[in-house]
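Visitor: Have a look at the structure that comes next, please.
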Amino acid sequence: MNILKLVLRTLRHYSRSSLASSAGVAVSTAVLCGALIIGDSLDYSLSEIVRLRLGNITHTITAGERLFTGDLARSLNSSDHFAASSVLRSRAVVSLPGGVNRVSNVNIWGIDDDFGRVFGIDTIRYIQAGEAHINRHLAARLDTGPGEHIQLRINKTSTLPVNTPLVSDAGRIVSVRLRVAEIVDDSQGGRLGMQATQSPPYNIFVDIDWLNSIMDLEDMANMLLIRDENELEADRIGQKIRNAWKPEDAGLKISSLGENRGWEITSKRVFIDDHLVDAVSDAFPDSEKYLTYFFNSISTSGKKTPYSFVASMPGGEFSIGNDEVIVNEWLASDLDVFAGDTVLMSYFETGPLRELYEREAWFVVKDIITMDMAGDYSFLMPYLPGLSDAGSCSDWDAGIPIDLDLIRDKDEDYWDEFRGTPKAFISLERGIELWQNRFGSLTTMVIPDNTTIEDIRMKIQAQADPFRIDFRVNSVREEGRAAARGGTDFASLFAGLGVFLIISGLLITALLFDYSIRKRKPQICIFAAMGYPSRLIRRIFTWEAFAVILAGTITGVLLSVGYSRLILEGLNHLWYDIVRTDVLILHISLKSIVIGALSAIIISLVVVYRGIGRATKEKTRHSKSVSGLSGKHMIIMPLFTLILFVLLLFLPDSLLPVSGMISYFAAGVLLLISLLSFYYIFLNKPRLPGGKMITYMKLSWYNLCRNPHRSFAVVVLLSLGTFVVVVTGANRRDLETDPANRSGGTGGFDFIAETTAPVSRDLNDQKNRREYGITAEVDFVQFFSNYDDDASCLNLNRVANPRIIATGTANLSGRFSFAGLHPLLDQDNPWKSLDDSPKDGIIPAVADMEVIRWGLGKSIGDTLWYTNSKGEEIGLFLAGGLENSVLQGNVIISAKHFLENFPDAGGSGLFLIESRNARPEETEDELSFIFRDRGWEMETTTARLSRFIVVENTYLRIFFMMGAFGMLLGTAGFAIIIAKGVLERKSEMALMSALGFPDKKLLVITYSENTILLLSGVLTGAISAIVSTLPALLEGSQQIPFGYLLLLTGVLILNGLVWILAIPYFLIARKKLAAALRNE
Amino acid sequence: MQADYFIKAKGLYKSYSNTLGSSRSEVLKGLDLIVPQGEKVAVMGPSGSGKTTLLNLIGTLDEPDSGEIWIDGTLVSGIKREELLELRNGKLGFVFQQHHLLPQCTMLENILLPALPNRNTSEKALHRARELMDFMGIEKLGNNKPGELSGGECQRAAVARSLINSPGLLLADEPTGSLDSENAGRLMELLVRINDQMDVTMLIATHSADIAGKMDRVCVIKEGLLTEKSKQSN
């Protein structure tokens, strides 16, 4: 005989109860391992999505809104290990012919033959002009296939920034019809995307040359895809770009002015970037600088010349003072002015949303030059589409209003003969003072003739740094992987969601094991009587427990695969709102299985070992209280937790380590622990009713207290289950019912809208409204934006640089509520503080508090680092956290700081809209129609908020479901306990029956004790759960579904009552109890 | 040191409090007992008189409130735990009213159980077990489990178990209490034979006058003290 044999014999003999105990372990293990598998699966799936998104692409090169030449990629294709492919990328609104099935925010990828080599596929073959390869996601949405046609409205990319002064914003959308040639699978590049998101994009692939042609471009690109097998650091790739880059890639144009006249440097962007001006000046110190602008009028008393170009130039030939002007003889004649006369010049200054501000400046005529002399400077007129290529003045289409009635025949004659020859000249210094804008301060530079064009290119290349003009190396693969790795921790989340199931399983195991040990108490006494040391007795029982737990763990591990698969199916379909993808793949890692299994074994052993230890303590028949603690010590826990509960409830938030909802939840948990602890004391030292007489109630209480651990475990099980179920039921967030509440999540706005093609104008301007045809009474708040990643709860990836959005801070004054505010912000008007001057490159910013905390893993006072258009690192200081707003997922800064750092802002793509219409739905219809070609997608702010709340509610729903399963398990355990309790006391029931107790009375005794257990458990859990929801209750900010909670609590009690009533009835009333006595 | 007694108890006091701790009842009030080596003694008394308490104290399953107990020359109170367990395993054997055989083990395995702590599971122990089974008349039942045996057979197996380590003292608390008269008589004959042939000192708590009549001496516990009763008056 040895211990192993004894253990095996015991397991075989008590196989039924062993199986039951191991079932509890199996449940806990399945949930624990399942959570780890789900976490691994999500990580794997997100990594897979990165692989599908990027293929072999390791980096991209972008230049903001700029375009660069296709030569750049070609000069980078240096080896097999390093390849580059040009991409011309835009966005479009796509539909079937006739406008059916309109889809916005579709990515248009103009690709070349190198794309496949860089991405690592060969199935996107040469795409012919006029045809498109579309991805499966888009094909499904459009319900189209190969051979069918689609209609596209493509946002036209241009070398000109959208809001360039003096350039019209018309014609920014190109409408084309394409034939669908192929559907591209995700595995073949169909999922190409640079955003770290799990949601599949809509993609269309076209030939880059064809795309260039429809955009009136030639061999241009706005993104380079890089495959770098050595995975060089971004800096080294940046150096390759610096070595390969040419001035033409920055939009510079170098042309000869003619023999001995030098070289002219202009920009396709009209204005030359300040950094490039410095670079050219450094390369060619004797270069000359010019800034030419278009004036509305030049006038003197009684006379006015409309629409003229005026050039500002350096000193030298003309030597003009800052208040002086030199006019050509045509102008002098037209205005009848002479040297010494004053003229008034008026011009438009353009705001970021094409707001026009008319400005004026006075000048004194210094001199009058001949037309020949003026003609020498005709090259100074910058190329302005709509102006420079106009046949006549009446054909002008500038970015400013042209009153054709003001144009006289002589003005047309001037244009015919002299075109844009400047009519006047002022000093460069004065010109820069008046007309410098965020795009640049010069329109022309002239380099002396003593050099060659190649020399110019080389020198500019050496001096200029493309990364100072919005070029950026994006380590997309590294960032994508990091975002996937840092994504939502589903392992912890589902472990947390399933915690009650885990606890239930463990409690059932502990209860059943405890029961079996107690039943074998005489065996323990025999072992003790035989001189077995307690240690040996414990070892025997521990080995038994280990075998049971091991069997349960192995079963649980096997079950966990099925459980995980079920959860993933739920996430992919039923709970799609959380994950917004259907490509979550089951991925099992041995490491997680081992960790989960070991954890389950250890936890289960700890749980059952307590029972073993208690049972194997050497005791005689008349032992003291079964509790290991003395009466004095037992009071510590409930009092301590009660004090903490009171403190959490009544102390101000500033004195607490946690606040808000979390503190109330913690208070609820503390109250639960306190009440349960008091109950435990009562069970061990009951004050029994009935005085000295024996009563039925006294009998029930005796029964309740004779096995206090078992009774306590049942109450814990029931109260935990009730707590979870009621808390999740009560904390379901409802939608905001009053969108007009300015302090709420809607900010008082009725709608939120986003466009595929940005709107470049101020929609609050009446003139613009008339032009667009907006009749609705609405106010718009328009946002600029940069960076693309969404940090809201809808994105499972952890992004490092969420989208930056910006607007005038006055637009948001008094809107939304702040859940957290840094002391540096103006506490009365936090939005105003966003305009504060940056300190050390740090700009104040605001984001949604949930995003700061959970999406970014940051706190108020932390800084997010970005790179601006000048290649400088800027910090966005998280100074404020909004309370659950529609702007979740973005970081908000002031328009002022935004335009300083990202001057190429191309209009607004995000809008908050407040409607004064009695019928807001009419506003929605009107705006959706007007901006349909821009891919206008509009929804009510409450609908947008509901999408975020839906995520939270879905998690609560899953938690509720887990809690309900746990409750079911708990009830099953409760039923087993009732049954075992009755069977255990069969002989005493038989005795009472023999003494004349009717069966009904015996049932009453059993019903009473079990009902007390049930009500204690359910009510303890429910009361504690209600406390957790106090803030919502007191503020009235959330509708507590009391009816639903009452129903829920009622169902829980009813469920328990069914078991309480049924089991004893079948075991007591239906059996002949006296026979049990005879058998005894 | 070899004593001329096997059991010596002096001035034993033992009381118990109720579960609420509000009152105590004294069961033994200064009880003295000396049992020479090889003697078999019956302890009688009304229910609640303290018979089982006395056996538990002698068997080191409980501790007296005060008093001293010597087992085979060793003062029990105050000895180290390992020595106590060794004493219990090697020198004492217990037989209870219920046989308390492990239902999951065979009869032979049950008998061998006390040999496990001192790792005496060798052939020697097996031989001893078979000897005892022969002695008890249950030699053919070694592979049967308790559920397959009669009450008498189980109780005989329990006696055999108590003797596997050749203890010097056998403590039996109502060993025939759950047996019919035939099996009870058979068991008592076996106990007498064990005492004769194996020189095992016995202390048996019993209500039965028949059993008391077979003992060398009969003691009665009354009002917490032990008095001897003449065998004629049984």
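A note on labels: chains of the structure tokens are A, B, ... as shown, every chain counts residues from 1, and ligands are counted from 1 in their shown order.
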So that I can check the surroundings of Asn89 (chain B), please list as an MDAnalysis selection string every protein, DNA and RNA residue that reaches within 12 Å of it, counting only C-alpha atoms and ignoring chain neighbours fewer than 3 positions away.
Guide: (chainID A and resid 526:533) or (chainID B and resid 59:60 82:86 92:94 113:120 161:170)
Visitor: Can you tell me which residues surround Gly30 (chain B) at a distance of at most 8 Å, considering only C-alpha atoms, apart from same-chain residues fewer than 5 positions away, and format the answer as a CSV table (one decimal) with all heavy atoms, in the first residue's frame?
Guide:
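Heads up, here's the output in result.csv:
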```csv
chain,number,residue,atom,x,y,z
B,10,LYS,N,-3.1,9.9,36.2
B,10,LYS,CA,-3.2,10.4,37.6
B,10,LYS,C,-3.8,11.8,37.6
B,10,LYS,O,-3.4,12.7,36.8
B,10,LYS,CB,-1.7,10.5,38.1
B,10,LYS,CG,-1.6,10.7,39.6
B,10,LYS,CD,-0.2,10.5,40.1
B,10,LYS,CE,-0.1,11.1,41.5
B,10,LYS,NZ,1.2,11.3,41.9
B,11,GLY,N,-4.8,11.9,38.4
B,11,GLY,CA,-5.5,13.2,38.5
B,11,GLY,C,-6.0,13.9,37.3
B,11,GLY,O,-5.8,15.0,37.0
B,12,LEU,N,-6.7,13.1,36.5
B,12,LEU,CA,-7.2,13.6,35.2
B,12,LEU,C,-8.4,14.4,35.4
B,12,LEU,O,-9.4,14.0,35.9
B,12,LEU,CB,-7.5,12.5,34.2
B,12,LEU,CG,-6.3,11.7,33.7
B,12,LEU,CD1,-6.8,10.6,32.7
B,12,LEU,CD2,-5.2,12.5,33.1
B,13,TYR,N,-8.4,15.6,34.9
B,13,TYR,CA,-9.5,16.5,34.8
B,13,TYR,C,-9.8,16.8,33.3
B,13,TYR,O,-8.9,17.1,32.6
B,13,TYR,CB,-9.3,17.8,35.5
B,13,TYR,CG,-9.4,17.7,37.0
B,13,TYR,CD1,-8.3,17.3,37.8
B,13,TYR,CD2,-10.6,18.0,37.7
B,13,TYR,CE1,-8.4,17.2,39.2
B,13,TYR,CE2,-10.7,17.9,39.1
B,13,TYR,CZ,-9.5,17.5,39.8
B,13,TYR,OH,-9.6,17.4,41.2
B,67,GLY,N,-3.6,16.9,34.9
B,67,GLY,CA,-3.3,15.5,35.2
B,67,GLY,C,-2.2,15.0,34.3
B,67,GLY,O,-1.7,15.7,33.4
B,224,GLY,N,-17.3,11.4,37.6
B,224,GLY,CA,-16.0,11.9,37.1
B,224,GLY,C,-14.8,11.1,37.7
B,224,GLY,O,-13.7,11.4,37.5
B,225,LEU,N,-15.1,10.1,38.5
B,225,LEU,CA,-14.0,9.3,39.1
B,225,LEU,C,-14.2,7.9,38.8
B,225,LEU,O,-15.3,7.4,38.5
B,225,LEU,CB,-14.0,9.6,40.6
B,225,LEU,CG,-13.6,11.0,41.1
B,225,LEU,CD1,-13.9,11.2,42.5
B,225,LEU,CD2,-12.2,11.3,40.8
```
Visitor: Let me make sure I understand: among B:Gly73, B:Pro175, B:Gly90, B:Gly48, which one has the smallest atom-to-atom distance to chain A if we use only C-alpha atoms?
Guide: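 Closest to chain A of all the choices is B:Gly90.
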Visitor: Find, counting only C-alpha atoms, the residue in A:Ile368, A:Phe931, A:Gly193, A:Val724 that gets nearest to Ile958 (chain A).
Guide: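 Smallest distance to Ile958 (chain A) is found for A:Val724.
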Visitor: Quick one: DSSP alpha helix (DSSP H) residues in region 157-301 of chain A, as a list in words?
Guide: Ile208, Asp209, Trp210, Leu211, Asn212, Ser213, Ile214, Ala234, Asp235, Arg236, Ile237, Gly238, Gln239, Lys240, Ile241, Arg242, Asn243, Ala244, Asp274, His275, Leu276, Val277, Asp278, Ala279, Val280, Ser281, Asp282 and Ala283 of chain A
Visitor: Could you take the residues named above and write them with N, CA, C and O atoms, as a CSV table (one decimal), in the first residue's frame?
Guide:
```csv
chain,number,residue,atom,x,y,z
A,208,ILE,N,-1.4,54.9,-62.7
A,208,ILE,CA,-1.0,56.2,-62.2
A,208,ILE,C,-0.9,57.2,-63.3
A,208,ILE,O,-1.3,58.4,-63.1
A,209,ASP,N,-0.5,56.8,-64.5
A,209,ASP,CA,-0.4,57.8,-65.6
A,209,ASP,C,-1.8,58.3,-66.0
A,209,ASP,O,-2.0,59.4,-66.3
A,210,TRP,N,-2.7,57.3,-66.0
A,210,TRP,CA,-4.1,57.7,-66.3
A,210,TRP,C,-4.6,58.7,-65.3
A,210,TRP,O,-5.3,59.7,-65.6
A,211,LEU,N,-4.4,58.4,-64.0
A,211,LEU,CA,-4.9,59.3,-62.9
A,211,LEU,C,-4.2,60.7,-63.1
A,211,LEU,O,-4.9,61.7,-62.9
A,212,ASN,N,-2.9,60.7,-63.4
A,212,ASN,CA,-2.2,62.0,-63.6
A,212,ASN,C,-3.0,62.8,-64.7
A,212,ASN,O,-3.2,64.0,-64.5
A,213,SER,N,-3.3,62.1,-65.8
A,213,SER,CA,-3.9,62.8,-66.9
A,213,SER,C,-5.2,63.4,-66.6
A,213,SER,O,-5.5,64.5,-67.0
A,214,ILE,N,-6.0,62.7,-65.8
A,214,ILE,CA,-7.4,63.3,-65.5
A,214,ILE,C,-7.3,64.4,-64.5
A,214,ILE,O,-8.2,65.2,-64.3
A,234,ALA,N,14.3,55.2,-39.9
A,234,ALA,CA,13.7,56.3,-40.7
A,234,ALA,C,14.8,57.4,-41.1
A,234,ALA,O,14.7,57.9,-42.3
A,235,ASP,N,15.7,57.6,-40.3
A,235,ASP,CA,16.7,58.7,-40.6
A,235,ASP,C,17.5,58.3,-41.8
A,235,ASP,O,17.9,59.1,-42.6
A,236,ARG,N,17.9,57.0,-41.9
A,236,ARG,CA,18.7,56.6,-43.0
A,236,ARG,C,17.9,56.6,-44.3
A,236,ARG,O,18.4,56.9,-45.4
A,237,ILE,N,16.7,56.3,-44.2
A,237,ILE,CA,15.8,56.4,-45.4
A,237,ILE,C,15.7,57.9,-45.8
A,237,ILE,O,15.7,58.3,-47.0
A,238,GLY,N,15.5,58.7,-44.8
A,238,GLY,CA,15.5,60.2,-45.0
A,238,GLY,C,16.7,60.6,-45.8
A,238,GLY,O,16.6,61.5,-46.7
A,239,GLN,N,17.9,60.1,-45.4
A,239,GLN,CA,19.1,60.5,-46.1
A,239,GLN,C,19.1,60.1,-47.6
A,239,GLN,O,19.5,60.8,-48.4
A,240,LYS,N,18.5,58.9,-47.8
A,240,LYS,CA,18.4,58.5,-49.2
A,240,LYS,C,17.5,59.5,-50.0
A,240,LYS,O,17.8,59.8,-51.2
A,241,ILE,N,16.5,59.9,-49.3
A,241,ILE,CA,15.6,60.9,-50.0
A,241,ILE,C,16.3,62.2,-50.3
A,241,ILE,O,16.2,62.8,-51.4
A,242,ARG,N,17.1,62.6,-49.3
A,242,ARG,CA,17.8,63.9,-49.5
A,242,ARG,C,18.8,63.8,-50.6
A,242,ARG,O,19.0,64.7,-51.4
A,243,ASN,N,19.3,62.6,-50.8
A,243,ASN,CA,20.3,62.4,-51.9
A,243,ASN,C,19.6,62.3,-53.2
A,243,ASN,O,20.2,62.6,-54.3
A,244,ALA,N,18.4,61.8,-53.3
A,244,ALA,CA,17.7,61.6,-54.5
A,244,ALA,C,16.8,62.7,-55.0
A,244,ALA,O,16.5,62.9,-56.1
A,274,ASP,N,9.3,79.4,-47.6
A,274,ASP,CA,10.3,80.2,-46.9
A,274,ASP,C,11.6,79.4,-46.8
A,274,ASP,O,12.7,80.0,-47.0
A,275,HIS,N,11.5,78.1,-46.5
A,275,HIS,CA,12.7,77.3,-46.4
A,275,HIS,C,13.5,77.2,-47.7
A,275,HIS,O,14.7,77.3,-47.7
A,276,LEU,N,12.7,77.1,-48.8
A,276,LEU,CA,13.4,77.1,-50.1
A,276,LEU,C,14.0,78.4,-50.5
A,276,LEU,O,15.0,78.5,-51.1
A,277,VAL,N,13.3,79.5,-50.1
A,277,VAL,CA,13.9,80.8,-50.3
A,277,VAL,C,15.2,80.9,-49.7
A,277,VAL,O,16.2,81.4,-50.3
A,278,ASP,N,15.2,80.5,-48.4
A,278,ASP,CA,16.5,80.5,-47.7
A,278,ASP,C,17.6,79.6,-48.3
A,278,ASP,O,18.7,80.0,-48.4
A,279,ALA,N,17.1,78.5,-48.8
A,279,ALA,CA,18.1,77.5,-49.4
A,279,ALA,C,18.7,78.1,-50.7
A,279,ALA,O,19.9,78.1,-50.9
A,280,VAL,N,17.8,78.7,-51.5
A,280,VAL,CA,18.3,79.3,-52.8
A,280,VAL,C,19.2,80.5,-52.4
A,280,VAL,O,20.3,80.7,-53.1
A,281,SER,N,18.8,81.3,-51.5
A,281,SER,CA,19.6,82.5,-51.1
A,281,SER,C,21.0,82.0,-50.6
A,281,SER,O,22.0,82.7,-50.9
A,282,ASP,N,21.0,80.9,-49.8
A,282,ASP,CA,22.3,80.4,-49.3
A,282,ASP,C,23.1,79.9,-50.5
A,282,ASP,O,24.3,80.0,-50.5
A,283,ALA,N,22.5,79.2,-51.4
A,283,ALA,CA,23.2,78.7,-52.5
A,283,ALA,C,23.7,79.8,-53.5
A,283,ALA,O,24.8,79.7,-54.1
```
